[in-house]
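*Asks:* Provided below: structure.cif, containing mmCIF, C-alpha atoms.
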data_final
loop_
_atom_site.label_atom_id
_atom_site.label_comp_id
_atom_site.auth_asym_id
_atom_site.auth_seq_id
_atom_site.Cartn_x
_atom_site.Cartn_y
_atom_site.Cartn_z
CA MET I 1 -342.76 -50.55 84.08
CA PHE I 2 -341.92 -48.67 80.91
CA ASN I 3 -338.42 -50.06 80.85
CA ARG I 4 -339.81 -53.54 81.25
CA LYS I 5 -342.06 -53.06 78.25
CA ILE I 6 -339.14 -51.87 76.18
CA LYS I 7 -337.20 -54.96 77.09
CA ILE I 8 -340.15 -57.19 76.15
CA PHE I 9 -340.48 -55.40 72.77
CA LYS I 10 -336.76 -55.74 72.12
CA LYS I 11 -336.93 -59.42 72.92
CA GLU I 12 -339.87 -59.89 70.57
CA ASP I 13 -338.18 -57.88 67.79
CA LYS I 14 -335.07 -59.99 68.14
CA GLU I 15 -337.08 -63.17 67.93
CA LYS I 16 -338.94 -61.87 64.87
CA THR I 17 -335.67 -60.86 63.26
CA GLU I 18 -334.09 -64.21 63.95
CA LYS I 19 -337.19 -65.97 62.68
CA PHE I 20 -337.12 -63.87 59.51
CA ILE I 21 -333.42 -64.56 58.95
CA CYS I 22 -334.01 -68.28 59.49
CA GLN I 23 -336.91 -68.24 57.08
CA SER I 24 -334.80 -66.39 54.48
CA GLU I 25 -331.98 -68.93 54.79
CA CYS I 26 -334.45 -71.76 54.46
CA ASP I 27 -335.95 -70.16 51.37
CA LYS I 28 -332.48 -69.74 49.85
CA ILE I 29 -331.60 -73.36 50.54
CA LYS I 30 -334.92 -74.46 49.10
CA GLU I 31 -334.42 -72.34 45.99
CA GLU I 32 -330.89 -73.66 45.58
CA ASN I 33 -332.10 -77.24 45.87
CA GLU I 34 -334.87 -76.59 43.37
CA ARG I 35 -332.37 -75.00 41.01
CA LYS I 36 -330.00 -77.95 41.29
CA GLU I 37 -332.86 -80.38 40.76
CA LEU I 38 -333.96 -78.45 37.67
CA GLU I 39 -330.38 -78.45 36.32
CA ARG I 40 -330.15 -82.19 37.00
CA ILE I 41 -333.38 -82.79 35.07
CA ILE I 42 -332.20 -80.60 32.17
CA GLU I 43 -328.80 -82.35 32.05
CA SER I 44 -330.51 -85.74 32.27
CA ARG I 45 -332.70 -84.81 29.30
CA ARG I 46 -329.63 -83.58 27.42
CA GLU I 47 -327.84 -86.84 28.16
CA ASP I 48 -330.88 -88.79 26.99
CA LYS I 49 -330.88 -86.73 23.79
CA ARG I 50 -327.14 -87.32 23.25
CA ARG I 51 -327.66 -91.03 23.86
CA GLU I 52 -330.53 -91.09 21.38
CA GLU I 53 -328.43 -89.26 18.80
CA LYS I 54 -325.53 -91.66 19.37
CA ILE I 55 -327.82 -94.66 18.98
CA LYS I 56 -329.39 -93.13 15.85
CA LYS I 57 -325.94 -92.46 14.39
CA ALA I 58 -324.87 -96.03 15.11
CA LEU I 59 -328.05 -97.40 13.52
CA ASP I 60 -327.58 -95.16 10.47
CA GLU I 61 -323.99 -96.42 10.14
CA LEU I 62 -325.20 -100.02 10.35
CA ASP I 63 -327.85 -99.27 7.70
CA ARG I 64 -325.22 -97.66 5.47
CA LYS I 65 -322.86 -100.62 5.80
CA GLU I 66 -325.68 -103.06 5.19
CA LYS I 67 -326.71 -101.12 2.08
CA GLU I 68 -323.11 -101.10 0.82
CA ARG I 69 -322.84 -104.82 1.54
CA ARG I 70 -326.02 -105.56 -0.43
CA GLU I 71 -324.93 -103.36 -3.32
CA LEU I 72 -321.48 -105.01 -3.36
CA GLN I 73 -323.02 -108.46 -3.29
CA GLU I 74 -325.31 -107.51 -6.18
CA LYS I 75 -322.25 -106.39 -8.19
CA ILE I 76 -320.42 -109.59 -7.33
CA ASP I 77 -323.42 -111.70 -8.38
CA LEU I 78 -323.70 -109.82 -11.67
CA GLN I 79 -319.96 -110.15 -12.26
CA ASN I 80 -320.08 -113.90 -11.61
CA GLN I 81 -322.77 -114.23 -14.28
CA GLU I 82 -320.40 -112.75 -16.89
CA GLU I 83 -318.25 -114.92 -19.12
CA TRP I 84 -314.77 -115.62 -17.75
CA VAL I 85 -311.92 -117.16 -19.78
CA TYR I 86 -308.40 -118.42 -19.12
CA VAL I 87 -305.51 -116.59 -20.78
CA GLU I 88 -301.73 -116.87 -20.66
CA GLY I 89 -299.66 -113.75 -20.15
CA ILE I 90 -296.77 -112.16 -18.29
CA LYS I 91 -296.77 -110.81 -14.76
CA GLY I 92 -294.12 -108.50 -13.33
CA MET I 93 -293.03 -108.77 -9.71
CA THR I 94 -290.42 -107.28 -7.41
CA GLU I 95 -287.12 -109.03 -6.78
CA ASP I 96 -288.60 -110.94 -3.82
CA MET I 97 -291.64 -112.02 -5.89
CA LYS I 98 -294.16 -109.58 -4.48
CA GLY I 99 -296.90 -107.90 -6.46
CA TYR I 100 -299.67 -105.40 -5.85
CA ASP I 101 -300.17 -104.59 -2.15
CA ASN I 102 -297.04 -106.66 -1.29
CA PHE I 103 -298.82 -109.93 -2.05
CA GLN I 104 -296.31 -112.79 -1.94
CA PHE I 105 -296.21 -115.23 -4.87
CA GLU I 106 -294.47 -118.55 -5.48
CA VAL I 107 -293.81 -120.43 -8.72
CA GLY I 108 -296.15 -123.38 -9.25
CA LYS I 109 -298.92 -122.10 -7.02
CA THR I 110 -302.44 -120.93 -7.89
CA TYR I 111 -304.07 -117.98 -6.13
CA ILE I 112 -307.75 -116.99 -5.96
CA LYS I 113 -309.30 -113.64 -5.04
CA ASP I 114 -312.78 -113.32 -3.57
CA GLY I 115 -315.11 -110.35 -3.81
CA LEU I 116 -315.61 -107.81 -6.59
CA ILE I 117 -312.71 -108.02 -9.05
CA GLU I 118 -311.64 -104.51 -10.10
CA ILE I 119 -308.46 -103.31 -11.75
CA CYS I 120 -306.05 -101.58 -9.31
CA LYS I 121 -308.40 -102.46 -6.44
CA ASN I 122 -308.90 -106.19 -6.09
CA GLY I 123 -307.47 -109.04 -8.14
CA PHE I 124 -304.23 -110.26 -9.73
CA HIS I 125 -302.82 -108.20 -12.61
CA LEU I 126 -301.09 -109.36 -15.77
CA SER I 127 -300.43 -108.26 -19.35
CA LEU I 128 -300.41 -110.18 -22.61
CA ASN I 129 -296.87 -109.16 -23.62
CA LEU I 130 -293.64 -107.82 -22.13
CA GLU I 131 -294.00 -104.38 -23.71
CA ASP I 132 -297.22 -103.77 -21.79
CA VAL I 133 -295.80 -105.16 -18.53
CA LEU I 134 -292.90 -102.71 -18.76
CA HIS I 135 -295.33 -99.81 -18.38
CA HIS I 136 -295.72 -101.00 -14.79
CA TYR I 137 -292.46 -102.80 -13.97
CA GLY I 138 -289.14 -101.49 -15.31
CA ILE I 139 -286.86 -103.99 -17.04
CA CYS I 140 -283.74 -102.62 -15.33
CA LYS I 141 -284.92 -102.25 -11.74
CA GLY I 142 -284.32 -105.70 -10.32
CA ASN I 143 -287.84 -106.78 -11.22
CA ARG I 144 -288.68 -110.32 -12.30
CA PHE I 145 -291.12 -111.55 -14.92
CA PHE I 146 -293.20 -114.71 -14.98
CA LYS I 147 -295.39 -116.65 -17.37
CA VAL I 148 -298.85 -116.98 -15.85
CA ARG I 149 -302.24 -118.49 -16.57
CA ALA I 150 -305.16 -116.41 -15.33
CA LEU I 151 -308.96 -116.29 -15.27
CA VAL I 152 -310.20 -112.93 -16.60
CA ARG I 153 -313.47 -111.44 -17.81
CA LYS I 154 -313.95 -112.00 -21.53
CA LYS I 155 -315.17 -108.41 -21.83
CA ASP I 156 -311.85 -107.12 -20.44
CA LEU I 157 -309.93 -109.41 -22.79
CA ASP I 158 -311.91 -108.15 -25.80
CA GLU I 159 -311.15 -104.54 -24.82
CA TYR I 160 -307.44 -105.19 -24.26
CA GLY I 161 -305.30 -102.78 -26.29
CA THR I 162 -308.14 -100.33 -26.93
CA ILE I 163 -307.99 -96.65 -25.97
CA THR I 164 -310.25 -95.31 -23.23
CA GLU I 165 -310.75 -91.91 -21.64
CA VAL I 166 -310.32 -91.42 -17.89
CA ASP I 167 -310.59 -88.45 -15.54
CA ASN I 168 -307.29 -87.39 -13.95
CA PHE I 169 -307.45 -85.16 -10.86
CA PHE I 170 -304.48 -83.05 -12.02
CA TYR I 171 -304.70 -83.19 -15.81
CA GLY I 172 -308.42 -83.63 -16.48
CA LYS I 173 -309.53 -86.11 -19.14
CA GLN I 174 -306.77 -88.32 -20.50
CA LYS I 175 -306.67 -91.09 -23.07
CA ILE I 176 -304.96 -94.30 -21.99
CA ILE I 177 -304.39 -97.70 -23.56
CA LYS I 178 -305.83 -100.69 -21.72
CA ASN I 179 -302.59 -102.63 -21.35
CA LYS I 180 -303.27 -104.82 -18.33
CA LEU I 181 -305.88 -107.30 -17.15
CA VAL I 182 -307.17 -108.15 -13.69
CA SER I 183 -307.97 -111.75 -12.78
CA LYS I 184 -309.71 -113.57 -9.95
CA GLU I 185 -307.48 -116.62 -10.31
CA ILE I 186 -303.85 -116.83 -11.36
CA GLU I 187 -301.28 -119.62 -11.64
CA ILE I 188 -297.57 -118.73 -11.61
CA LEU I 189 -296.10 -121.04 -14.27
CA GLU I 190 -292.40 -120.20 -14.60
CA GLU I 191 -289.92 -117.35 -14.52
CA LEU I 192 -288.67 -115.90 -17.80
CA SER I 193 -284.88 -116.05 -18.21
CA ASP I 194 -282.83 -113.06 -19.35
CA GLU I 195 -282.45 -114.69 -22.77
CA GLU I 196 -286.21 -115.18 -23.13
CA LEU I 197 -286.87 -111.63 -21.96
CA PHE I 198 -284.33 -110.25 -24.43
CA GLU I 199 -285.97 -112.03 -27.34
CA GLU I 200 -289.29 -110.39 -26.46
CA TYR I 201 -287.55 -107.10 -25.71
CA LYS I 202 -286.08 -106.97 -29.22
CA GLU I 203 -289.58 -107.25 -30.72
CA MET I 204 -290.94 -104.31 -28.73
CA LYS I 205 -292.07 -101.30 -30.78
CA SER I 206 -291.62 -98.73 -28.01
CA GLY I 207 -290.18 -98.32 -24.53
CA LYS I 208 -286.73 -99.62 -25.38
CA SER I 209 -283.58 -98.24 -23.78
CA LYS I 210 -281.19 -96.67 -26.26
CA TRP I 211 -278.32 -98.09 -24.21
CA ILE I 212 -279.25 -101.75 -24.73
CA GLU I 213 -277.76 -103.10 -27.96
CA ASP I 214 -277.15 -106.78 -27.22
CA ILE I 215 -277.77 -109.51 -24.65
CA ASP I 216 -274.72 -108.46 -22.62
CA ASP I 217 -276.05 -104.90 -22.32
CA PHE I 218 -279.43 -106.34 -21.39
CA LYS I 219 -278.01 -108.52 -18.61
CA TYR I 220 -275.86 -105.67 -17.29
CA CYS I 221 -278.90 -103.39 -17.23
CA ARG I 222 -281.01 -106.03 -15.46
CA LYS I 223 -278.35 -106.40 -12.78
CA HIS I 224 -277.08 -102.86 -12.28
CA GLY I 225 -279.76 -100.55 -13.73
CA GLU I 226 -280.03 -98.40 -16.85
CA ASN I 227 -278.04 -95.47 -15.44
CA LYS I 228 -275.08 -97.67 -14.59
CA LEU I 229 -275.20 -99.17 -18.08
CA ALA I 230 -275.27 -95.69 -19.64
CA GLU I 231 -272.35 -94.54 -17.48
CA ALA I 232 -270.28 -97.58 -18.44
CA LYS I 233 -270.95 -97.17 -22.17
CA LEU I 234 -270.22 -93.42 -22.12
CA ASN I 235 -266.98 -94.03 -20.24
CA VAL I 236 -265.92 -96.61 -22.82
CA LYS I 237 -266.59 -94.07 -25.56
CA LEU I 238 -264.34 -91.53 -23.80
CA ILE I 239 -261.55 -94.13 -23.55
CA VAL I 240 -261.90 -94.88 -27.26
CA LEU I 241 -261.54 -91.13 -27.92
CA GLY I 242 -258.08 -91.23 -26.33
CA ILE I 243 -258.62 -90.38 -22.64
CA ASN I 244 -257.05 -92.83 -20.21
CA GLU I 245 -259.37 -94.65 -17.79
CA LEU I 246 -258.09 -92.86 -14.66
CA LEU I 247 -258.73 -89.42 -16.16
CA VAL I 248 -262.14 -90.55 -17.41
CA ASN I 249 -263.13 -91.55 -13.87
CA ILE I 250 -261.86 -88.24 -12.46
CA LEU I 251 -263.69 -86.15 -15.07
CA THR I 252 -267.04 -87.97 -14.85
CA LYS I 253 -267.36 -88.98 -11.19
CA ASP I 254 -269.20 -85.76 -10.21
CA PHE I 255 -271.79 -85.71 -13.00
CA GLU I 256 -275.25 -85.85 -11.44
CA ASP I 257 -277.18 -87.41 -14.33
CA ILE I 258 -276.81 -89.09 -17.69
CA ARG I 259 -277.70 -85.90 -19.56
CA SER I 260 -274.59 -84.19 -18.18
CA ARG I 261 -272.42 -87.14 -19.17
CA GLU I 262 -273.87 -87.23 -22.67
CA MET I 263 -273.24 -83.52 -23.11
CA PHE I 264 -269.65 -83.94 -21.98
CA VAL I 265 -269.03 -86.95 -24.24
CA GLY I 266 -270.54 -85.07 -27.19
CA TYR I 267 -268.18 -82.15 -26.60
CA VAL I 268 -265.15 -84.46 -26.31
CA GLU I 269 -266.18 -86.29 -29.49
CA ALA I 270 -266.44 -83.03 -31.43
CA LEU I 271 -263.18 -81.68 -30.00
CA SER I 272 -261.30 -84.85 -30.90
CA LYS I 273 -261.83 -84.02 -34.56
CA GLU I 274 -260.03 -80.69 -34.19
CA ASN I 275 -256.33 -80.35 -34.95
CA ILE I 276 -255.11 -79.27 -31.51
CA SER I 277 -252.31 -80.34 -29.19
CA ARG I 278 -252.80 -82.98 -26.52
CA ASP I 279 -252.28 -80.44 -23.71
CA MET I 280 -254.85 -78.04 -25.20
CA PHE I 281 -257.26 -80.97 -25.64
CA ILE I 282 -256.99 -81.93 -21.95
CA TYR I 283 -257.30 -78.28 -20.87
CA LEU I 284 -260.44 -77.67 -22.95
CA ILE I 285 -262.28 -80.83 -21.86
CA THR I 286 -261.44 -80.02 -18.21
CA GLU I 287 -262.93 -76.54 -18.62
CA GLU I 288 -266.00 -78.01 -20.30
CA GLN I 289 -266.44 -80.43 -17.41
CA LYS I 290 -266.38 -77.50 -14.95
CA ARG I 291 -268.89 -75.58 -17.06
CA ILE I 292 -271.33 -78.49 -17.17
CA LEU I 293 -271.04 -79.01 -13.41
CA ARG I 294 -271.80 -75.31 -12.85
CA LEU I 295 -274.85 -75.53 -15.10
CA TYR I 296 -276.35 -78.83 -13.95
CA GLY I 297 -274.81 -79.44 -10.55
CA SER I 298 -272.76 -82.31 -9.19
CA LYS I 299 -273.33 -85.31 -6.97
#
What's the structure tokens form of this structure?

*Replies:*
Amino acid sequence: MFNRKIKIFKKEDKEKTEKFICQSECDKIKEENERKELERIIESRREDKRREEKIKKALDELDRKEKERRELQEKIDLQNQEEWVYVEGIKGMTEDMKGYDNFQFEVGKTYIKDGLIEICKNGFHLSLNLEDVLHHYGICKGNRFFKVRALVRKKDLDEYGTITEVDNFFYGKQKIIKNKLVSKEIEILEELSDEELFEEYKEMKSGKSKWIEDIDDFKYCRKHGENKLAEAKLNVKLIVLGINELLVNILTKDFEDIRSREMFVGYVEALSKENISRDMFIYLITEEQKRILRLYGSK
């Protein structure tokens, strides 16, 4: 009887234990599900917040662009109310007739720019004379120059040639001369020939090359560049001083720049006035050539 009771108690304890374990597992599963649901709700709210922020950012960007568009249009409207006049001038271009931002031009055509016309930003540039153009396009770099007719602001034309102060990131405030105009319409009339360019070049007050003395020098420079012209003229001077052409080419072929060549020619010129033998003359100029190459390097 006693043993039977013990067995009944054991059976009941086992059932209670199993029931407790089952209840504990169920509670854990329930808690886990509640936790996951809570995380899902939190993440959903976070996603909603991110979406709201993204939408707000997009709307702010649209507002900013719309504000910029209105401000730009106001500037354009004000600019269009200003007085504009036609002027004739000179425009520099690359050898293949390209200008600012690789814009392609053709002789005889007229080009128009829309929007706000600003120098170095939007519009067609020109200068009133060759000297000013050469601040932007070198005469001896294969560039070409054209007569043009352009529509510019009268205010810019009135201020042409005056000195203004600008802020430079590296050098601070600097004074510059207003030597170019920007137009909203330009007509490419004709290309200036070398002869026409040379006539204007001779009248320039600054920016001339010391190597250009006549129209032949000018044409050579236009075709080959200023350095090549300088090299040729310095070599001719050495030949005149009594050095044969082959030796001249040997002595000067390694000079890195015109300064080195000029220094060498100056030494040879001074030495030629001394009363020394031909052999000593050749020896001394050869040593001077080596010295200059050591100081300034070679090609």

*Asks:* Run the PyMOL selection byres ((chain I and resi 232-243) around 12) on the file and write out the hits as a ChimeraX atom specification.

*Replies:* /I:210-213,216-217,220-221,224-231,244-253,258-273,278-279,281-282,285-286

*Asks:* Can you give me, as number ranges by chain, the residues this file yields under the PyMOL selection byres ((chain I and resi 91-103) around 10)?

*Replies:* I: 88-90, 104-107, 120-130, 132-134, 136-139, 141-149, 180, 186, 188, 191

*Asks:* The residues within 7 Å of (-314.9, -117.2, -13.3), using only C-alpha atoms and the coordinates of the file, should be reported as a list in words; which are they?

*Replies:*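 The distance filter leaves exactly Asn80, Trp84 and Leu151 of chain I.
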
*Asks:* Identify which of the residues I:Cys140, I:Leu181, I:Ile163, I:Leu157 lies closest to Ser209 in chain I, counting all atoms listed in the file when measuring atom-to-atom distances.

*Replies:*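 Using all atoms listed in the file, the shortest distance to Ser209 in chain I belongs to I:Cys140.
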
*Asks:* Between I:Glu82, I:Lys178, I:Phe218, I:Thr110, which is the closest to Lys155 in chain I once you count only C-alpha atoms?

*Replies:*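 Among the listed residues, the smallest separation from Lys155 in chain I belongs to I:Glu82.
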
*Asks:* Can you work out the spacing between CA of Asn33 in chain I and CA of Glu52 in chain I in Å, to one decimal?

*Replies:*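 Spanning CA of Asn33 in chain I to CA of Glu52 in chain I is a straight-line distance of 28.2 Å.
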
*Asks:* From the options I:Ser183, I:Ser193, I:Asn275, I:Gln174, which residue's atoms come nearest to Val85 in chain I, counting only C-alpha atoms?

*Replies:*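 With only C-alpha atoms as the atom set, the closest residue is I:Ser183.
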
*Asks:* To one decimal in Å, tell me the separation between CA of Lys290 in chain I and CA of Phe255 in chain I.

*Replies:*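 Separation between CA of Lys290 in chain I and CA of Phe255 in chain I: 10.0 Å.
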
*Asks:* Could you pull out every residue with an atom within 7 Å of (-310.8, -119.0, -9.5), file coordinates, counting all atoms listed in the file, and send them as an MDAnalysis selection string?

*Replies:* chainID I and resid 112 151 184:185

*Asks:* Set the distance at 10 Å and use only C-alpha atoms: which residues neighbour Glu83 in chain I once local chain neighbours fewer than 6 positions away are removed? I'd like the list as a PyMOL selection string.

*Replies:* chain I and resi 152-155

*Asks:* Grab the CA of Glu74 in chain I to CA of Val182 in chain I distance for me, in Å with one decimal place.

*Replies:*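 That distance, rounded to one decimal, is 19.6 Å.
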
*Asks:* Point out the residue among I:Glu187, I:Glu118, I:Asp167, I:Glu39 with the least atom-to-atom distance to Ala150 in chain I, counting all atoms listed in the file.

*Replies:*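 Closest to Ala150 in chain I, using all atoms listed in the file: I:Glu187.
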
*Asks:* Could you add the missing atoms to range 123-134 of chain I, up to all heavy atoms, and return them as a PDB file, in the coordinates of the input?

*Replies:*
ATOM      1  N   GLY I 123    -307.730-108.048  -7.102  1.00  0.00           N
ATOM      2  CA  GLY I 123    -307.470-109.040  -8.140  1.00  0.00           C
ATOM      3  C   GLY I 123    -305.987-109.120  -8.458  1.00  0.00           C
ATOM      4  O   GLY I 123    -305.174-108.351  -7.932  1.00  0.00           O
ATOM      5  N   PHE I 124    -305.625-110.060  -9.323  1.00  0.00           N
ATOM      6  CA  PHE I 124    -304.230-110.260  -9.730  1.00  0.00           C
ATOM      7  C   PHE I 124    -304.043-109.708 -11.145  1.00  0.00           C
ATOM      8  O   PHE I 124    -304.788-110.050 -12.052  1.00  0.00           O
ATOM      9  CB  PHE I 124    -303.881-111.754  -9.703  1.00  0.00           C
ATOM     10  CG  PHE I 124    -304.146-112.394  -8.365  1.00  0.00           C
ATOM     11  CD1 PHE I 124    -305.202-113.291  -8.214  1.00  0.00           C
ATOM     12  CD2 PHE I 124    -303.364-112.090  -7.267  1.00  0.00           C
ATOM     13  CE1 PHE I 124    -305.450-113.895  -6.989  1.00  0.00           C
ATOM     14  CE2 PHE I 124    -303.608-112.683  -6.033  1.00  0.00           C
ATOM     15  CZ  PHE I 124    -304.660-113.574  -5.891  1.00  0.00           C
ATOM     16  N   HIS I 125    -303.022-108.875 -11.328  1.00  0.00           N
ATOM     17  CA  HIS I 125    -302.820-108.200 -12.610  1.00  0.00           C
ATOM     18  C   HIS I 125    -301.827-108.947 -13.487  1.00  0.00           C
ATOM     19  O   HIS I 125    -300.911-109.609 -13.007  1.00  0.00           O
ATOM     20  CB  HIS I 125    -302.337-106.771 -12.382  1.00  0.00           C
ATOM     21  CG  HIS I 125    -303.320-105.916 -11.650  1.00  0.00           C
ATOM     22  ND1 HIS I 125    -303.316-105.773 -10.280  1.00  0.00           N
ATOM     23  CD2 HIS I 125    -304.372-105.183 -12.104  1.00  0.00           C
ATOM     24  CE1 HIS I 125    -304.301-104.974  -9.917  1.00  0.00           C
ATOM     25  NE2 HIS I 125    -304.962-104.611 -10.993  1.00  0.00           N
ATOM     26  N   LEU I 126    -302.004-108.788 -14.784  1.00  0.00           N
ATOM     27  CA  LEU I 126    -301.090-109.360 -15.770  1.00  0.00           C
ATOM     28  C   LEU I 126    -301.260-108.606 -17.078  1.00  0.00           C
ATOM     29  O   LEU I 126    -302.227-107.851 -17.251  1.00  0.00           O
ATOM     30  CB  LEU I 126    -301.384-110.845 -15.998  1.00  0.00           C
ATOM     31  CG  LEU I 126    -302.734-111.178 -16.684  1.00  0.00           C
ATOM     32  CD1 LEU I 126    -302.582-112.413 -17.565  1.00  0.00           C
ATOM     33  CD2 LEU I 126    -303.833-111.398 -15.653  1.00  0.00           C
ATOM     34  N   SER I 127    -300.316-108.804 -17.995  1.00  0.00           N
ATOM     35  CA  SER I 127    -300.430-108.260 -19.350  1.00  0.00           C
ATOM     36  C   SER I 127    -300.173-109.375 -20.342  1.00  0.00           C
ATOM     37  O   SER I 127    -299.644-110.431 -19.984  1.00  0.00           O
ATOM     38  CB  SER I 127    -299.432-107.115 -19.554  1.00  0.00           C
ATOM     39  OG  SER I 127    -299.747-106.017 -18.712  1.00  0.00           O
ATOM     40  N   LEU I 128    -300.528-109.125 -21.589  1.00  0.00           N
ATOM     41  CA  LEU I 128    -300.410-110.180 -22.610  1.00  0.00           C
ATOM     42  C   LEU I 128    -299.032-110.218 -23.251  1.00  0.00           C
ATOM     43  O   LEU I 128    -298.712-111.178 -23.956  1.00  0.00           O
ATOM     44  CB  LEU I 128    -301.485-109.993 -23.678  1.00  0.00           C
ATOM     45  CG  LEU I 128    -302.935-110.107 -23.188  1.00  0.00           C
ATOM     46  CD1 LEU I 128    -303.903-109.980 -24.360  1.00  0.00           C
ATOM     47  CD2 LEU I 128    -303.179-111.418 -22.434  1.00  0.00           C
ATOM     48  N   ASN I 129    -298.217-109.168 -23.036  1.00  0.00           N
ATOM     49  CA  ASN I 129    -296.870-109.160 -23.620  1.00  0.00           C
ATOM     50  C   ASN I 129    -295.943-108.335 -22.730  1.00  0.00           C
ATOM     51  O   ASN I 129    -296.377-107.578 -21.863  1.00  0.00           O
ATOM     52  CB  ASN I 129    -296.902-108.598 -25.048  1.00  0.00           C
ATOM     53  CG  ASN I 129    -297.536-107.217 -25.097  1.00  0.00           C
ATOM     54  OD1 ASN I 129    -296.987-106.249 -24.571  1.00  0.00           O
ATOM     55  ND2 ASN I 129    -298.710-107.118 -25.703  1.00  0.00           N
ATOM     56  N   LEU I 130    -294.653-108.485 -22.964  1.00  0.00           N
ATOM     57  CA  LEU I 130    -293.640-107.820 -22.130  1.00  0.00           C
ATOM     58  C   LEU I 130    -293.719-106.302 -22.271  1.00  0.00           C
ATOM     59  O   LEU I 130    -293.552-105.567 -21.288  1.00  0.00           O
ATOM     60  CB  LEU I 130    -292.250-108.317 -22.516  1.00  0.00           C
ATOM     61  CG  LEU I 130    -291.102-107.725 -21.694  1.00  0.00           C
ATOM     62  CD1 LEU I 130    -291.198-108.145 -20.239  1.00  0.00           C
ATOM     63  CD2 LEU I 130    -289.750-108.150 -22.284  1.00  0.00           C
ATOM     64  N   GLU I 131    -293.962-105.825 -23.481  1.00  0.00           N
ATOM     65  CA  GLU I 131    -294.000-104.380 -23.710  1.00  0.00           C
ATOM     66  C   GLU I 131    -295.034-103.700 -22.814  1.00  0.00           C
ATOM     67  O   GLU I 131    -294.788-102.632 -22.257  1.00  0.00           O
ATOM     68  CB  GLU I 131    -294.320-104.089 -25.183  1.00  0.00           C
ATOM     69  CG  GLU I 131    -294.252-102.622 -25.543  1.00  0.00           C
ATOM     70  CD  GLU I 131    -294.363-102.388 -27.036  1.00  0.00           C
ATOM     71  OE1 GLU I 131    -294.241-103.355 -27.812  1.00  0.00           O
ATOM     72  OE2 GLU I 131    -294.568-101.220 -27.431  1.00  0.00           O
ATOM     73  N   ASP I 132    -296.186-104.336 -22.642  1.00  0.00           N
ATOM     74  CA  ASP I 132    -297.220-103.770 -21.790  1.00  0.00           C
ATOM     75  C   ASP I 132    -296.854-103.879 -20.305  1.00  0.00           C
ATOM     76  O   ASP I 132    -297.129-102.976 -19.513  1.00  0.00           O
ATOM     77  CB  ASP I 132    -298.563-104.458 -22.045  1.00  0.00           C
ATOM     78  CG  ASP I 132    -299.156-104.064 -23.388  1.00  0.00           C
ATOM     79  OD1 ASP I 132    -298.733-103.036 -23.941  1.00  0.00           O
ATOM     80  OD2 ASP I 132    -300.027-104.791 -23.899  1.00  0.00           O
ATOM     81  N   VAL I 133    -296.216-104.987 -19.932  1.00  0.00           N
ATOM     82  CA  VAL I 133    -295.800-105.160 -18.530  1.00  0.00           C
ATOM     83  C   VAL I 133    -294.817-104.066 -18.130  1.00  0.00           C
ATOM     84  O   VAL I 133    -294.854-103.553 -17.009  1.00  0.00           O
ATOM     85  CB  VAL I 133    -295.146-106.546 -18.315  1.00  0.00           C
ATOM     86  CG1 VAL I 133    -294.650-106.680 -16.877  1.00  0.00           C
ATOM     87  CG2 VAL I 133    -296.141-107.649 -18.609  1.00  0.00           C
ATOM     88  N   LEU I 134    -293.942-103.685 -19.074  1.00  0.00           N
ATOM     89  CA  LEU I 134    -292.900-102.710 -18.760  1.00  0.00           C
ATOM     90  C   LEU I 134    -293.441-101.312 -18.501  1.00  0.00           C
ATOM     91  O   LEU I 134    -292.701-100.437 -18.046  1.00  0.00           O
ATOM     92  CB  LEU I 134    -291.850-102.672 -19.883  1.00  0.00           C
ATOM     93  CG  LEU I 134    -291.034-103.956 -20.063  1.00  0.00           C
ATOM     94  CD1 LEU I 134    -289.961-103.770 -21.122  1.00  0.00           C
ATOM     95  CD2 LEU I 134    -290.414-104.395 -18.749  1.00  0.00           C
TER      96      LEU I 134
END
